[in-house]
$ cat final31.cif   # mmCIF, C-alpha atoms and all ligand atoms
data_target
#
loop_
_atom_site.group_PDB
_atom_site.id
_atom_site.type_symbol
_atom_site.label_atom_id
_atom_site.label_comp_id
_atom_site.auth_asym_id
_atom_site.auth_seq_id
_atom_site.Cartn_x
_atom_site.Cartn_y
_atom_site.Cartn_z
ATOM 1 C CA MET A 25 0.000 0.000 0.000
ATOM 2 C CA LYS A 26 1.384 3.399 -1.028
ATOM 3 C CA CYS A 27 0.990 6.261 1.473
ATOM 4 C CA ILE A 28 0.190 9.559 -0.182
ATOM 5 C CA LEU A 29 -0.631 13.201 0.493
ATOM 6 C CA ILE A 30 -2.733 15.297 -1.908
ATOM 7 C CA ASP A 31 -2.162 19.063 -2.139
ATOM 8 C CA CYS A 32 -5.032 20.481 -4.146
ATOM 9 C CA ASP A 33 -7.329 23.335 -5.196
ATOM 10 C CA PRO A 34 -10.793 21.685 -5.539
ATOM 11 C CA GLY A 35 -11.892 22.051 -8.332
ATOM 12 C CA HIS A 36 -13.940 19.328 -10.019
ATOM 13 C CA ASP A 37 -10.959 17.264 -11.114
ATOM 14 C CA ASP A 38 -9.261 17.652 -7.721
ATOM 15 C CA MET A 39 -12.480 16.242 -6.217
ATOM 16 C CA MET A 40 -12.198 13.205 -8.520
ATOM 17 C CA ALA A 41 -8.540 12.777 -7.530
ATOM 18 C CA ILE A 42 -9.510 12.683 -3.848
ATOM 19 C CA MET A 43 -12.359 10.224 -4.573
ATOM 20 C CA LEU A 44 -10.075 7.936 -6.575
ATOM 21 C CA ALA A 45 -7.488 7.953 -3.790
ATOM 22 C CA CYS A 46 -10.067 7.235 -1.062
ATOM 23 C CA SER A 47 -11.649 4.334 -2.947
ATOM 24 C CA SER A 48 -8.423 2.530 -3.863
ATOM 25 C CA PRO A 49 -7.140 -0.346 -1.691
ATOM 26 C CA GLU A 50 -3.676 0.338 -3.149
ATOM 27 C CA LEU A 51 -3.469 3.811 -1.612
ATOM 28 C CA LYS A 52 -3.618 5.286 1.889
ATOM 29 C CA LEU A 53 -4.448 8.987 1.855
ATOM 30 C CA LEU A 54 -2.719 10.438 4.932
ATOM 31 C CA GLY A 55 -3.979 13.959 4.438
ATOM 32 C CA VAL A 56 -5.294 16.644 2.143
ATOM 33 C CA THR A 57 -3.822 20.135 1.997
ATOM 34 C CA THR A 58 -5.449 22.947 0.072
ATOM 35 C CA VAL A 59 -4.155 25.973 -1.813
ATOM 36 C CA GLY A 60 -5.623 28.937 -3.662
ATOM 37 C CA GLY A 61 -5.977 28.142 -7.344
ATOM 38 C CA ASN A 62 -9.185 27.208 -9.121
ATOM 39 C CA GLN A 63 -10.865 29.362 -6.517
ATOM 40 C CA THR A 64 -9.798 31.317 -3.413
ATOM 41 C CA GLY A 65 -8.030 29.532 -0.580
ATOM 42 C CA GLU A 66 -11.165 29.777 1.553
ATOM 43 C CA LYS A 67 -13.288 28.096 -1.130
ATOM 44 C CA THR A 68 -10.846 25.333 -2.049
ATOM 45 C CA TYR A 69 -10.460 24.429 1.634
ATOM 46 C CA LEU A 70 -14.260 24.294 2.075
ATOM 47 C CA ASN A 71 -14.567 22.208 -1.102
ATOM 48 C CA ALA A 72 -12.063 19.658 0.182
ATOM 49 C CA LEU A 73 -14.034 19.279 3.418
ATOM 50 C CA LYS A 74 -17.296 18.979 1.452
ATOM 51 C CA THR A 75 -15.824 16.353 -0.897
ATOM 52 C CA LEU A 76 -14.621 14.158 1.967
ATOM 53 C CA THR A 77 -17.942 14.612 3.789
ATOM 54 C CA LEU A 78 -19.842 13.494 0.673
ATOM 55 C CA ILE A 79 -17.898 10.220 0.546
ATOM 56 C CA GLY A 80 -18.045 9.643 4.280
ATOM 57 C CA GLU A 81 -14.322 10.186 4.934
ATOM 58 C CA ARG A 82 -14.336 12.283 8.100
ATOM 59 C CA ASP A 83 -11.030 11.097 9.570
ATOM 60 C CA ILE A 84 -8.680 12.314 6.866
ATOM 61 C CA PRO A 85 -6.880 15.474 8.077
ATOM 62 C CA VAL A 86 -7.475 18.554 5.921
ATOM 63 C CA ALA A 87 -5.153 21.545 6.334
ATOM 64 C CA ARG A 88 -5.599 24.914 4.676
ATOM 65 C CA GLY A 89 -2.563 26.467 3.002
ATOM 66 C CA ALA A 90 -1.485 29.451 0.989
ATOM 67 C CA ASP A 91 -4.145 31.810 -0.294
ATOM 68 C CA LYS A 92 -1.826 33.318 -2.893
ATOM 69 C CA PRO A 93 1.331 32.496 -4.851
ATOM 70 C CA LEU A 94 4.830 33.222 -3.514
ATOM 71 C CA PHE A 95 5.211 36.576 -5.257
ATOM 72 C CA ARG A 96 2.164 37.113 -7.429
ATOM 73 C CA GLU A 97 -1.533 37.811 -7.128
ATOM 74 C CA LEU A 98 -3.820 34.770 -7.283
ATOM 75 C CA THR A 99 -5.412 33.790 -10.594
ATOM 76 C CA VAL A 100 -8.660 31.847 -10.178
ATOM 77 C CA ALA A 101 -10.688 29.906 -12.783
ATOM 78 C CA PRO A 102 -14.428 30.593 -12.295
ATOM 79 C CA GLU A 103 -15.014 30.145 -16.011
ATOM 80 C CA ILE A 104 -14.116 26.460 -15.584
ATOM 81 C CA HIS A 105 -15.059 25.601 -12.005
ATOM 82 C CA GLY A 106 -17.674 28.267 -11.220
ATOM 83 C CA VAL A 107 -17.979 30.792 -8.389
ATOM 84 C CA SER A 108 -17.859 28.112 -5.668
ATOM 85 C CA GLY A 109 -15.050 26.178 -7.322
ATOM 86 C CA LEU A 110 -17.377 23.163 -7.454
ATOM 87 C CA ASP A 111 -20.426 24.478 -9.325
ATOM 88 C CA GLY A 112 -23.009 22.081 -10.771
ATOM 89 C CA ALA A 113 -24.511 20.466 -7.674
ATOM 90 C CA ASP A 114 -24.990 21.087 -3.957
ATOM 91 C CA LEU A 115 -22.485 19.209 -1.838
ATOM 92 C CA PRO A 116 -23.148 18.541 1.851
ATOM 93 C CA GLU A 117 -21.864 21.086 4.359
ATOM 94 C CA PRO A 118 -18.612 19.899 5.998
ATOM 95 C CA GLY A 119 -19.304 17.203 8.577
ATOM 96 C CA PHE A 120 -15.961 17.706 10.358
ATOM 97 C CA GLU A 121 -13.316 20.334 11.116
ATOM 98 C CA GLY A 122 -9.989 20.619 9.352
ATOM 99 C CA VAL A 123 -6.760 20.656 11.338
ATOM 100 C CA VAL A 124 -5.579 23.902 12.900
ATOM 101 C CA ARG A 125 -2.027 23.657 11.559
ATOM 102 C CA HIS A 126 -1.165 25.497 8.339
ATOM 103 C CA ALA A 127 -0.860 23.145 5.379
ATOM 104 C CA VAL A 128 2.875 23.827 5.095
ATOM 105 C CA ASP A 129 3.483 22.742 8.693
ATOM 106 C CA PHE A 130 1.143 19.766 8.243
ATOM 107 C CA LEU A 131 3.076 18.653 5.153
ATOM 108 C CA ILE A 132 6.451 19.008 6.893
ATOM 109 C CA GLN A 133 5.337 17.193 10.054
ATOM 110 C CA THR A 134 3.584 14.359 8.202
ATOM 111 C CA ILE A 135 6.507 13.801 5.832
ATOM 112 C CA MET A 136 9.162 13.976 8.559
ATOM 113 C CA GLU A 137 7.288 11.706 10.984
ATOM 114 C CA SER A 138 6.406 9.080 8.406
ATOM 115 C CA GLY A 139 8.140 5.759 8.891
ATOM 116 C CA THR A 140 8.036 5.163 5.137
ATOM 117 C CA PRO A 141 8.821 7.548 2.269
ATOM 118 C CA LEU A 142 5.623 9.250 1.111
ATOM 119 C CA THR A 143 4.406 10.168 -2.356
ATOM 120 C CA LEU A 144 3.161 13.734 -2.670
ATOM 121 C CA VAL A 145 0.439 14.412 -5.256
ATOM 122 C CA PRO A 146 0.094 18.140 -5.938
ATOM 123 C CA THR A 147 -2.894 18.929 -8.163
ATOM 124 C CA GLY A 148 -2.966 22.698 -7.840
ATOM 125 C CA PRO A 149 -0.443 25.536 -7.863
ATOM 126 C CA LEU A 150 2.742 24.425 -6.085
ATOM 127 C CA THR A 151 2.861 27.207 -3.490
ATOM 128 C CA ASN A 152 2.407 24.990 -0.398
ATOM 129 C CA VAL A 153 4.936 22.430 -1.640
ATOM 130 C CA ALA A 154 7.561 25.067 -2.383
ATOM 131 C CA LEU A 155 7.010 26.771 0.981
ATOM 132 C CA ALA A 156 7.380 23.441 2.773
ATOM 133 C CA MET A 157 10.650 22.732 0.928
ATOM 134 C CA LEU A 158 11.975 26.208 1.707
ATOM 135 C CA LYS A 159 10.942 26.033 5.372
ATOM 136 C CA ASP A 160 12.365 22.546 5.962
ATOM 137 C CA PRO A 161 14.580 21.279 3.102
ATOM 138 C CA ARG A 162 14.924 17.923 4.885
ATOM 139 C CA ILE A 163 11.591 16.873 3.390
ATOM 140 C CA THR A 164 13.223 16.650 -0.038
ATOM 141 C CA THR A 165 15.241 13.662 1.160
ATOM 142 C CA LYS A 166 12.239 11.994 2.808
ATOM 143 C CA LEU A 167 9.798 12.076 -0.119
ATOM 144 C CA GLU A 168 9.740 9.033 -2.395
ATOM 145 C CA ARG A 169 8.344 10.976 -5.358
ATOM 146 C CA ILE A 170 6.177 13.916 -6.379
ATOM 147 C CA VAL A 171 3.502 12.963 -8.924
ATOM 148 C CA LEU A 172 2.025 16.270 -9.954
ATOM 149 C CA MET A 173 -0.676 17.386 -12.326
ATOM 150 C CA GLY A 174 0.748 20.364 -14.127
ATOM 151 C CA GLY A 175 2.611 21.680 -17.098
ATOM 152 C CA ALA A 176 2.687 20.470 -20.691
ATOM 153 C CA VAL A 177 5.226 19.771 -23.416
ATOM 154 C CA PHE A 178 3.084 20.580 -26.437
ATOM 155 C CA ASP A 179 -0.238 21.765 -24.938
ATOM 156 C CA SER A 180 -1.551 24.708 -22.912
ATOM 157 C CA ASN A 181 -4.718 26.167 -21.415
ATOM 158 C CA ILE A 182 -4.555 29.371 -19.313
ATOM 159 C CA THR A 183 -2.322 31.049 -21.917
ATOM 160 C CA PRO A 184 -1.037 29.763 -25.277
ATOM 161 C CA ALA A 185 2.232 28.951 -23.479
ATOM 162 C CA ALA A 186 1.275 27.604 -20.076
ATOM 163 C CA GLU A 187 -0.843 25.251 -17.993
ATOM 164 C CA PHE A 188 -2.845 26.757 -15.093
ATOM 165 C CA ASN A 189 -1.140 25.197 -12.036
ATOM 166 C CA ILE A 190 2.331 26.188 -13.174
ATOM 167 C CA TYR A 191 1.178 29.561 -14.526
ATOM 168 C CA VAL A 192 -0.391 30.606 -11.211
ATOM 169 C CA ASP A 193 2.865 30.170 -9.276
ATOM 170 C CA PRO A 194 5.836 29.621 -11.618
ATOM 171 C CA GLU A 195 8.364 30.518 -8.937
ATOM 172 C CA ALA A 196 6.966 27.752 -6.709
ATOM 173 C CA ALA A 197 7.139 25.321 -9.618
ATOM 174 C CA LYS A 198 10.786 26.278 -10.186
ATOM 175 C CA VAL A 199 11.554 25.365 -6.554
ATOM 176 C CA VAL A 200 9.770 22.019 -6.821
ATOM 177 C CA PHE A 201 11.202 20.938 -10.202
ATOM 178 C CA GLY A 202 14.664 21.981 -8.994
ATOM 179 C CA SER A 203 14.380 20.290 -5.570
ATOM 180 C CA GLY A 204 16.001 17.004 -6.499
ATOM 181 C CA VAL A 205 12.903 15.043 -5.493
ATOM 182 C CA PRO A 206 11.956 12.605 -8.307
ATOM 183 C CA VAL A 207 9.103 14.262 -10.198
ATOM 184 C CA THR A 208 6.504 12.730 -12.488
ATOM 185 C CA MET A 209 4.805 15.443 -14.528
ATOM 186 C CA VAL A 210 1.254 14.514 -15.552
ATOM 187 C CA GLY A 211 0.581 17.389 -17.878
ATOM 188 C CA LEU A 212 -1.982 18.526 -20.403
ATOM 189 C CA ASP A 213 -0.432 16.387 -23.146
ATOM 190 C CA VAL A 214 -2.161 13.423 -21.497
ATOM 191 C CA THR A 215 -4.826 14.987 -19.266
ATOM 192 C CA ASN A 216 -6.537 16.858 -22.110
ATOM 193 C CA LYS A 217 -7.005 13.416 -23.679
ATOM 194 C CA ALA A 218 -8.263 11.887 -20.402
ATOM 195 C CA LEU A 219 -11.873 12.850 -21.118
ATOM 196 C CA PHE A 220 -14.837 11.523 -19.166
ATOM 197 C CA GLY A 221 -17.392 11.948 -21.955
ATOM 198 C CA PHE A 222 -20.954 13.227 -21.835
ATOM 199 C CA ASP A 223 -22.148 9.637 -22.388
ATOM 200 C CA ASP A 224 -20.010 8.436 -19.456
ATOM 201 C CA ILE A 225 -21.557 11.177 -17.314
ATOM 202 C CA GLU A 226 -25.086 10.163 -18.361
ATOM 203 C CA ARG A 227 -24.317 6.542 -17.405
ATOM 204 C CA LEU A 228 -23.066 7.762 -14.036
ATOM 205 C CA ALA A 229 -26.262 9.781 -13.516
ATOM 206 C CA ARG A 230 -28.421 6.717 -14.240
ATOM 207 C CA SER A 231 -26.648 4.679 -11.556
ATOM 208 C CA ASN A 232 -28.226 7.127 -9.060
ATOM 209 C CA GLY A 233 -26.000 6.185 -6.110
ATOM 210 C CA LYS A 234 -25.504 8.528 -3.156
ATOM 211 C CA VAL A 235 -22.174 9.746 -4.572
ATOM 212 C CA SER A 236 -22.814 9.356 -8.303
ATOM 213 C CA ARG A 237 -26.048 11.378 -8.138
ATOM 214 C CA VAL A 238 -23.956 14.374 -6.953
ATOM 215 C CA VAL A 239 -20.835 13.729 -9.032
ATOM 216 C CA ALA A 240 -22.735 13.401 -12.330
ATOM 217 C CA PRO A 241 -24.143 16.967 -12.406
ATOM 218 C CA LEU A 242 -20.805 18.344 -11.152
ATOM 219 C CA LEU A 243 -18.963 16.630 -14.004
ATOM 220 C CA LYS A 244 -21.637 17.782 -16.468
ATOM 221 C CA PHE A 245 -20.980 21.396 -15.413
ATOM 222 C CA PHE A 246 -17.211 20.881 -15.730
ATOM 223 C CA ALA A 247 -17.545 19.103 -19.087
ATOM 224 C CA GLN A 248 -19.802 21.827 -20.500
ATOM 225 C CA ALA A 249 -17.360 24.546 -19.402
ATOM 226 C CA ASN A 250 -14.507 22.695 -21.111
ATOM 227 C CA LYS A 251 -16.600 22.175 -24.248
ATOM 228 C CA THR A 252 -17.448 25.870 -24.368
ATOM 229 C CA ILE A 253 -13.869 27.060 -23.940
ATOM 230 C CA PHE A 254 -11.732 24.302 -25.481
ATOM 231 C CA GLY A 255 -14.228 22.367 -27.606
ATOM 232 C CA PHE A 256 -13.694 19.175 -25.600
ATOM 233 C CA GLU A 257 -16.309 16.398 -25.843
ATOM 234 C CA GLY A 258 -16.212 15.722 -22.100
ATOM 235 C CA ALA A 259 -14.557 16.490 -18.754
ATOM 236 C CA PRO A 260 -10.749 16.369 -18.743
ATOM 237 C CA LEU A 261 -10.130 14.846 -15.320
ATOM 238 C CA HIS A 262 -6.588 16.204 -15.113
ATOM 239 C CA ASP A 263 -5.886 15.641 -11.406
ATOM 240 C CA ALA A 264 -7.482 12.212 -11.151
ATOM 241 C CA LEU A 265 -5.041 10.949 -13.800
ATOM 242 C CA ALA A 266 -2.109 11.715 -11.498
ATOM 243 C CA VAL A 267 -3.688 9.528 -8.801
ATOM 244 C CA ALA A 268 -4.663 6.851 -11.347
ATOM 245 C CA HIS A 269 -0.984 6.527 -12.248
ATOM 246 C CA LEU A 270 -0.239 5.526 -8.635
ATOM 247 C CA ILE A 271 -2.898 2.802 -8.805
ATOM 248 C CA LYS A 272 -2.154 1.543 -12.331
ATOM 249 C CA PRO A 273 1.215 2.980 -13.436
ATOM 250 C CA GLU A 274 0.553 1.766 -16.975
ATOM 251 C CA VAL A 275 -2.317 4.237 -17.382
ATOM 252 C CA ILE A 276 0.305 6.667 -18.703
ATOM 253 C CA LYS A 277 3.642 6.275 -20.491
ATOM 254 C CA THR A 278 6.461 8.638 -19.539
ATOM 255 C CA ARG A 279 9.814 9.783 -20.915
ATOM 256 C CA ARG A 280 12.667 11.216 -18.883
ATOM 257 C CA LEU A 281 13.278 14.769 -20.032
ATOM 258 C CA ASN A 282 14.916 17.912 -18.768
ATOM 259 C CA VAL A 283 12.159 20.317 -17.712
ATOM 260 C CA GLU A 284 12.726 23.886 -16.600
ATOM 261 C CA ILE A 285 10.188 26.539 -15.656
ATOM 262 C CA GLU A 286 9.927 29.927 -17.362
ATOM 263 C CA THR A 287 9.247 32.551 -14.681
ATOM 264 C CA ASP A 288 10.100 35.802 -16.473
ATOM 265 C CA GLY A 289 8.631 35.643 -19.983
ATOM 266 C CA GLU A 290 5.874 38.146 -20.728
ATOM 267 C CA LEU A 291 4.166 35.686 -23.080
ATOM 268 C CA THR A 292 5.691 32.481 -21.692
ATOM 269 C CA ARG A 293 5.292 32.794 -17.909
ATOM 270 C CA GLY A 294 4.724 29.334 -16.426
ATOM 271 C CA ARG A 295 5.868 27.370 -19.476
ATOM 272 C CA THR A 296 7.320 23.963 -18.595
ATOM 273 C CA VAL A 297 10.187 24.015 -21.064
ATOM 274 C CA ALA A 298 10.803 20.325 -21.885
ATOM 275 C CA ASP A 299 13.954 19.448 -23.813
ATOM 276 C CA VAL A 300 12.355 16.765 -26.030
ATOM 277 C CA TYR A 301 15.394 16.383 -28.326
ATOM 278 C CA GLY A 302 18.085 16.820 -25.672
ATOM 279 C CA VAL A 303 19.465 19.897 -27.433
ATOM 280 C CA THR A 304 20.467 21.594 -24.171
ATOM 281 C CA GLY A 305 22.602 18.708 -23.026
ATOM 282 C CA LYS A 306 21.112 19.241 -19.557
ATOM 283 C CA PRO A 307 20.357 16.085 -17.556
ATOM 284 C CA ALA A 308 16.804 14.757 -17.531
ATOM 285 C CA ASN A 309 15.129 15.684 -14.232
ATOM 286 C CA THR A 310 11.484 14.730 -14.797
ATOM 287 C CA ASP A 311 9.409 11.731 -15.867
ATOM 288 C CA VAL A 312 7.036 13.387 -18.324
ATOM 289 C CA ALA A 313 3.732 11.725 -19.267
ATOM 290 C CA LEU A 314 3.229 11.674 -23.034
ATOM 291 C CA GLU A 315 0.724 8.836 -23.627
ATOM 292 C CA VAL A 316 -2.491 7.855 -21.828
ATOM 293 C CA ASP A 317 -4.690 4.755 -21.803
ATOM 294 C CA ASN A 318 -8.030 6.532 -21.451
ATOM 295 C CA ASP A 319 -10.101 3.338 -21.435
ATOM 296 C CA LEU A 320 -8.178 2.089 -18.411
ATOM 297 C CA PHE A 321 -8.446 5.516 -16.773
ATOM 298 C CA LYS A 322 -12.243 5.634 -17.196
ATOM 299 C CA GLU A 323 -12.526 2.071 -15.914
ATOM 300 C CA LEU A 324 -10.725 3.111 -12.712
ATOM 301 C CA LEU A 325 -13.002 6.123 -12.274
ATOM 302 C CA VAL A 326 -16.243 4.181 -12.799
ATOM 303 C CA GLN A 327 -15.051 1.470 -10.395
ATOM 304 C CA ALA A 328 -14.118 4.105 -7.810
ATOM 305 C CA ILE A 329 -17.548 5.749 -7.871
ATOM 306 C CA LYS A 330 -19.235 2.329 -7.641
ATOM 307 C CA ILE A 331 -17.182 1.580 -4.499
ATOM 308 C CA LEU A 332 -18.025 4.957 -2.955
ATOM 309 C CA ASP A 333 -21.725 4.523 -3.801
ATOM 310 C CA SER A 334 -21.739 1.179 -2.014
ATOM 311 C CA ARG A 335 -20.117 2.358 1.233
HETATM 312 O O1 LIG B 1 -4.679 22.947 -15.828
HETATM 313 C C1 LIG B 1 -5.493 22.061 -15.114
HETATM 314 C C2 LIG B 1 -5.198 22.128 -13.651
HETATM 315 O O2 LIG B 1 -5.518 23.424 -13.150
HETATM 316 C C3 LIG B 1 -6.052 21.161 -12.820
HETATM 317 O O3 LIG B 1 -5.349 20.810 -11.668
HETATM 318 C C4 LIG B 1 -7.240 22.006 -12.467
HETATM 319 O O4 LIG B 1 -7.889 21.536 -11.279
HETATM 320 C C5 LIG B 1 -6.589 23.324 -12.204
HETATM 321 O O5 LIG B 1 -6.043 23.299 -10.879
HETATM 322 CA CA CA B 2 -6.400 21.216 -9.514
#

$ encode --input "final31.cif" --output "structure tokens"
Amino acid sequence: MKCILIDCDPGHDDMMAIMLACSSPELKLLGVTTVGGNQTGEKTYLNALKTLTLIGERDIPVARGADKPLFRELTVAPEIHGVSGLDGADLPEPGFEGVVRHAVDFLIQTIMESGTPLTLVPTGPLTNVALAMLKDPRITTKLERIVLMGGAVFDSNITPAAEFNIYVDPEAAKVVFGSGVPVTMVGLDVTNKALFGFDDIERLARSNGKVSRVVAPLLKFFAQANKTIFGFEGAPLHDALAVAHLIKPEVIKTRRLNVEIETDGELTRGRTVADVYGVTGKPANTDVALEVDNDLFKELLVQAIKILDSR
């Protein structure tokens, strides 16, 4: 069993990442930390508590983190996730309190006290992770791996050059990619292909379970927003794919590449600059996802919701 921590900005796809992690016998979710991103820090924290309440997980610690990037103002994404950050259905009010500690201190303490190396799964801007590394660099030697949703080699979303999580806090991403911790980058090159289609959503709605009857309209909202803006025929469940890789590694195929983060470019802020042809001669520092098995991914998601419906 792999012990993991999720640092997230729920967000519809962050919600699916949490649900996938909680339903899998292969994973033990030790905690959830939240960060400003898809919506404000207050809203993403509330959404994490609501998500765990919906699936009956009231013993997983939730710690609230940074409300804004290291040096920049926060960019939110209401056009994709709505005003609440989880528009499309009413989730239950939180049935438990989060922890009092700041997410950065929770991450440091949990990582340092763990008897086994943990895997950290960031699915939002990397502000909390960078702050934790800067506050206590020892965690970089204790983490087994960081499997993050973010970046892209050939794709983009928030600007023509960048992916949202990296764009929001490129300086934090630079710290994380340069930390020496093994990084798997699950970027838009695969997650924009990891679509949960409108037909898949309809099937989920028909199952009418206590979780699926809430998740279906949420995913319909998210899918419609992505269709409107990007022309996608479904919901790209970006963050859940990072977790799926920990359950079934073969759900993606990766290549080791050198990846560096652009922090200064006027047009290219937040670009994950991947040296696909090795022209820089710099050593590869990241396992970059370039292929996805979407049938396997959807199978994992459908199975996860079935398990949560039956609990
Ligand atoms: O670019 C997609 C990423 O940004 C996902 O993690 C989504 O939830 C948003 O955080
Ligand atoms: Ca996210």

$ residues_near_ligand --input "final31.cif" --ligand "ligand CA 2 (chain B)" --cutoff "6 Å" --atoms "all atoms listed in the file" --output "NGL selection string"
:A and (32-35 or 38 or 147-148 or 263)

$ resolve_selection --input "final31.cif" --expression "the PyMOL selection byres (((chain A and resi 192-208) around 7) and not hetatm)" --output "list in words"
Pro93, Leu94, Leu98, Thr99, Pro149, Leu150, Thr151, Ala154, Thr164, Leu167, Arg169, Ile170, Val171, Leu172, Phe188, Asn189, Ile190, Tyr191, Met209, Val210, Ile285, Thr287, Gly294, Thr310, Asp311 and Val312 of chain A

$ atom_distance --input "final31.cif" --atom1 "CA of Leu243 (chain A)" --atom2 "atom C3 of ligand LIG 1 (chain B)"
13.7 Å

$ axis_aligned_box --input "final31.cif" --around "ligand LIG 1 (chain B)" --padding-each-side "5 Å" --output "AutoDock Vina command-line options"
--center_x -6.3 --center_y 22.1 --center_z -13.4 --size_x 13.2 --size_y 12.6 --size_z 14.9

$ atom_distance --input "final31.cif" --atom1 "CA of Gly211 (chain A)" --atom2 "CA of Phe254 (chain A)"
16.0 Å

$ closest_residue --input "final31.cif" --among "A:His269, A:Lys322, A:Arg279, A:Arg335" --to "Gly302 (chain A)" --atoms "only C-alpha atoms"
A:Arg279

$ closest_residue --input "final31.cif" --among "A:Leu320, A:Leu70, A:Leu29, A:Leu228" --to "Thr143 (chain A)" --atoms "all atoms listed in the file"
A:Leu29

$ closest_residue --input "final31.cif" --among "A:Ile135, A:Leu219, A:Leu73, A:Val153" --to "Lys251 (chain A)" --atoms "all atoms listed in the file"
A:Leu219

$ closest_residue --input "final31.cif" --among "A:Ser231, A:Thr215, A:Asn309, A:Thr68" --to "Val297 (chain A)" --atoms "all atoms listed in the file"
A:Asn309

$ closest_residue --input "final31.cif" --among "A:Asp129, A:Glu168, A:Glu187, A:Asp111" --to "ligand LIG 1 (chain B)" --atoms "only C-alpha atoms and all ligand atoms"
A:Glu187

$ closest_residue --input "final31.cif" --among "A:Glu121, A:Glu137, A:Asp83, A:Asp179" --to "Asn216 (chain A)" --atoms "all atoms listed in the file"
A:Asp179

$ atom_distance --input "final31.cif" --atom1 "CA of Gly109 (chain A)" --atom2 "CA of Asp223 (chain A)"
23.5 Å

$ residues_around --input "final31.cif" --residues "Thr75 (chain A)" --least-positions-apart "3" --cutoff "8 Å" --atoms "all atoms listed in the file" --output "list in words"
Met39, Ile42, Met43, Asn71, Ala72, Leu78, Ile79 and Leu115 of chain A

$ residues_around --input "final31.cif" --residues "Ala240 (chain A)" --least-positions-apart "5" --cutoff "8 Å" --atoms "all atoms listed in the file" --output "ChimeraX atom specification"
/A:225-226,228-229

$ resolve_selection --input "final31.cif" --expression "the PyMOL selection byres (((chain A and resi 123) around 7) and not hetatm)" --output "JSON, numbers by chain"
{"A": [85, 86, 87, 121, 122, 124, 125]}

$ residues_around --input "final31.cif" --residues "Pro102 (chain A)" --least-positions-apart "5" --cutoff "12 Å" --atoms "all atoms listed in the file" --output "PyMOL selection string"
chain A and resi 34-36+61-64+67+107-111+245-246+249-250

$ residues_near_point --input "final31.cif" --point "(7.7, 8.0, -24.5)" --cutoff "9 Å" --atoms "all atoms listed in the file" --output "list in words"
Lys277, Thr278, Arg279, Arg280, Val312, Ala313, Leu314 and Glu315 of chain A

$ residues_around --input "final31.cif" --residues "Ala156 (chain A)" --least-positions-apart "6" --cutoff "7 Å" --atoms "all atoms listed in the file" --output "PyMOL selection string"
chain A and resi 128+131-132

$ resolve_selection --input "final31.cif" --expression "the PyMOL selection byres (((chain A and resi 221) around 8) and not hetatm)" --output "mmCIF file with C-alpha atoms, in the coordinates of the input"
data_model
loop_
_atom_site.group_PDB
_atom_site.id
_atom_site.type_symbol
_atom_site.label_atom_id
_atom_site.label_comp_id
_atom_site.auth_asym_id
_atom_site.auth_seq_id
_atom_site.Cartn_x
_atom_site.Cartn_y
_atom_site.Cartn_z
ATOM 1 C CA LEU A 219 -11.873 12.850 -21.118
ATOM 2 C CA PHE A 220 -14.837 11.523 -19.166
ATOM 3 C CA PHE A 222 -20.954 13.227 -21.835
ATOM 4 C CA ASP A 223 -22.148 9.637 -22.388
ATOM 5 C CA ASP A 224 -20.010 8.436 -19.456
ATOM 6 C CA ILE A 225 -21.557 11.177 -17.314
ATOM 7 C CA ALA A 247 -17.545 19.103 -19.087
ATOM 8 C CA GLU A 257 -16.309 16.398 -25.843
ATOM 9 C CA GLY A 258 -16.212 15.722 -22.100
ATOM 10 C CA ALA A 259 -14.557 16.490 -18.754
#

$ residues_around --input "final31.cif" --residues "Leu270 (chain A)" --least-positions-apart "2" --cutoff "9 Å" --atoms "only C-alpha atoms" --output "count of residues only"
10
